[in-house]
Amino acid sequence: MLIPRTTIPNLIFPTLTHGEFDISKNAKSKFNVIVFYRGLHCPLCANYLTELSNLSAEFKKRDVSITILSSDSKDRTEQMASKINVNPDIAFGYDLKLSDAKKWGLYISEGRGKTSIGIEEPAKFSEPGVFIIKADQTLYYGNTQTMPFARPLFKDLLGAIDFAIAKDYP
């Protein structure tokens, strides 16, 4: 379990357009939002990530970087990036190791065949998680889920970030 104000586990993974991403070197904004998603097979993830991509300029105004990551392959990640029309400012990662997902406290699920949109689930994949990391690599906020439903809203996270910045909220 990750604990607020403690150093997060490092993550190194490939991205579609930002090269290899090493969170200890690349996540240096005031805040860094890390969004773990289930994969291409998840229609709720596509809607959720579309909302995030559409709000990415608002996060950037606040010096907040965004990283999206799943255990999907590069090909499946490219398909998801195209589906959601991902903003090029977002580091869109793939090949998350499930051992790393566990270090972040993410739940691991087993695939059950094709989803409602006809895409095969991977044999194993991580469930969603949203984390806000400070520039010093400590956890500010964390949310993990056992299911794809009822995720935190990105507009609400923007409001929380505004409050945290304005009030220097610990």
# chains A, B, ... in the order shown; residues from 1 in each chain; ligands from 1
$ residues_around --residues "Ser29 in chain A" --least-positions-apart "4" --cutoff "12 Å" --atoms "only C-alpha atoms" --output "list of chain:residue names"
A:Ile23, A:Ser24, A:Lys25, A:Val33, A:Phe59, A:Lys60, A:Lys61, A:Arg62, A:Asp63, A:Val64, A:Ser65, A:Ile66, A:Thr67, A:Ile132, A:Ile133, A:Lys134, A:Ala135, A:Asp136, A:Gln137
$ write_last_selection --atoms "N, CA and C atoms" --output "PDB file, in the first residue's frame"
ATOM      1  N   ILE A  23       9.793   7.506 -14.294  1.00  0.00           N
ATOM      2  CA  ILE A  23       9.039   8.461 -13.482  1.00  0.00           C
ATOM      3  C   ILE A  23       9.946   9.281 -12.569  1.00  0.00           C
ATOM      4  N   SER A  24      11.058   8.709 -12.128  1.00  0.00           N
ATOM      5  CA  SER A  24      11.952   9.457 -11.235  1.00  0.00           C
ATOM      6  C   SER A  24      12.673  10.594 -11.967  1.00  0.00           C
ATOM      7  N   LYS A  25      12.737  10.512 -13.297  1.00  0.00           N
ATOM      8  CA  LYS A  25      13.415  11.548 -14.082  1.00  0.00           C
ATOM      9  C   LYS A  25      12.443  12.438 -14.847  1.00  0.00           C
ATOM     10  N   VAL A  33      -0.006  13.559 -12.660  1.00  0.00           N
ATOM     11  CA  VAL A  33      -1.130  12.635 -12.582  1.00  0.00           C
ATOM     12  C   VAL A  33      -0.765  11.380 -13.359  1.00  0.00           C
ATOM     13  N   PHE A  59      -4.973  20.901 -17.089  1.00  0.00           N
ATOM     14  CA  PHE A  59      -3.931  20.386 -16.201  1.00  0.00           C
ATOM     15  C   PHE A  59      -2.605  21.082 -16.490  1.00  0.00           C
ATOM     16  N   LYS A  60      -2.291  21.249 -17.767  1.00  0.00           N
ATOM     17  CA  LYS A  60      -1.026  21.882 -18.147  1.00  0.00           C
ATOM     18  C   LYS A  60      -0.929  23.312 -17.612  1.00  0.00           C
ATOM     19  N   LYS A  61      -2.042  24.064 -17.625  1.00  0.00           N
ATOM     20  CA  LYS A  61      -2.065  25.430 -17.085  1.00  0.00           C
ATOM     21  C   LYS A  61      -1.639  25.463 -15.625  1.00  0.00           C
ATOM     22  N   ARG A  62      -1.850  24.374 -14.928  1.00  0.00           N
ATOM     23  CA  ARG A  62      -1.542  24.285 -13.495  1.00  0.00           C
ATOM     24  C   ARG A  62      -0.191  23.610 -13.235  1.00  0.00           C
ATOM     25  N   ASP A  63       0.606  23.413 -14.292  1.00  0.00           N
ATOM     26  CA  ASP A  63       1.891  22.716 -14.200  1.00  0.00           C
ATOM     27  C   ASP A  63       1.696  21.295 -13.674  1.00  0.00           C
ATOM     28  N   VAL A  64       0.712  20.613 -14.261  1.00  0.00           N
ATOM     29  CA  VAL A  64       0.428  19.221 -13.922  1.00  0.00           C
ATOM     30  C   VAL A  64       0.622  18.399 -15.186  1.00  0.00           C
ATOM     31  N   SER A  65       1.538  17.437 -15.129  1.00  0.00           N
ATOM     32  CA  SER A  65       1.744  16.553 -16.277  1.00  0.00           C
ATOM     33  C   SER A  65       0.840  15.325 -16.136  1.00  0.00           C
ATOM     34  N   ILE A  66       0.567  14.695 -17.258  1.00  0.00           N
ATOM     35  CA  ILE A  66      -0.299  13.518 -17.278  1.00  0.00           C
ATOM     36  C   ILE A  66       0.441  12.364 -17.917  1.00  0.00           C
ATOM     37  N   THR A  67       0.351  11.215 -17.274  1.00  0.00           N
ATOM     38  CA  THR A  67       0.889   9.980 -17.816  1.00  0.00           C
ATOM     39  C   THR A  67      -0.209   8.930 -17.733  1.00  0.00           C
ATOM     40  N   ILE A 132      -1.802  11.163  -7.828  1.00  0.00           N
ATOM     41  CA  ILE A 132      -1.194  12.476  -7.994  1.00  0.00           C
ATOM     42  C   ILE A 132       0.116  12.440  -7.224  1.00  0.00           C
ATOM     43  N   ILE A 133       1.191  12.712  -7.946  1.00  0.00           N
ATOM     44  CA  ILE A 133       2.538  12.643  -7.399  1.00  0.00           C
ATOM     45  C   ILE A 133       3.118  14.052  -7.382  1.00  0.00           C
ATOM     46  N   LYS A 134       3.779  14.411  -6.299  1.00  0.00           N
ATOM     47  CA  LYS A 134       4.456  15.707  -6.232  1.00  0.00           C
ATOM     48  C   LYS A 134       5.812  15.621  -6.937  1.00  0.00           C
ATOM     49  N   ALA A 135       6.384  16.756  -7.248  1.00  0.00           N
ATOM     50  CA  ALA A 135       7.670  16.799  -7.960  1.00  0.00           C
ATOM     51  C   ALA A 135       8.790  16.097  -7.193  1.00  0.00           C
ATOM     52  N   ASP A 136       8.647  16.004  -5.872  1.00  0.00           N
ATOM     53  CA  ASP A 136       9.680  15.326  -5.075  1.00  0.00           C
ATOM     54  C   ASP A 136       9.489  13.808  -5.033  1.00  0.00           C
ATOM     55  N   GLN A 137       8.602  13.304  -5.892  1.00  0.00           N
ATOM     56  CA  GLN A 137       8.336  11.871  -6.023  1.00  0.00           C
ATOM     57  C   GLN A 137       7.593  11.268  -4.829  1.00  0.00           C
TER      58      GLN A 137
END
$ residues_around --residues "range 79-85 of chain A" --least-positions-apart "4" --cutoff "12 Å" --atoms "only C-alpha atoms" --output "number ranges by chain"
A: 15-17, 37-54, 56, 68-70, 72-75, 89-94, 119
$ select_by_dssp --residues "chain A" --states "alpha helix (DSSP H)" --output "JSON, numbers by chain"
{"A": [23, 24, 25, 26, 43, 44, 45, 46, 47, 48, 49, 50, 51, 52, 53, 54, 55, 56, 57, 58, 59, 60, 61, 74, 75, 76, 77, 78, 79, 80, 81, 82, 83, 84, 98, 99, 100, 101, 102, 103, 154, 155, 156, 157, 158, 159, 160, 161, 162, 163, 164, 165, 166, 167]}
$ residues_around --residues "Glu121 in chain A" --least-positions-apart "6" --cutoff "7 Å" --atoms "only C-alpha atoms" --output "VMD selection string"
chain A and resid 41 111 to 115
$ closest_residue --among "A:Leu55, A:Ser71, A:Phe36, A:Val86" --to "Arg151 in chain A" --atoms "only C-alpha atoms"
A:Phe36
$ closest_residue --among "A:Lys28, A:His18, A:Lys103, A:Arg76" --to "Ser126 in chain A" --atoms "only C-alpha atoms"
A:Lys103
$ closest_residue --among "A:Ser109, A:Phe125, A:Thr6, A:Phe154" --to "Asp95 in chain A" --atoms "only C-alpha atoms"
A:Phe125
$ closest_residue --among "A:Phe13, A:Phe21, A:Phe163, A:Phe31" --to "Asp100 in chain A" --atoms "only C-alpha atoms"
A:Phe13
$ residues_around --residues "Gly105 in chain A" --least-positions-apart "3" --cutoff "7 Å" --atoms "only C-alpha atoms" --output "list in words"
Met1, Leu2, Ala101 and Lys102 of chain A
$ select_by_dssp --residues "chain A" --states "strand (DSSP E or B)" --output "PyMOL selection string"
chain A and resi 7+12-15+20-22+31-36+64-69+91-93+108-110+114+120+124-126+129-134+138-144
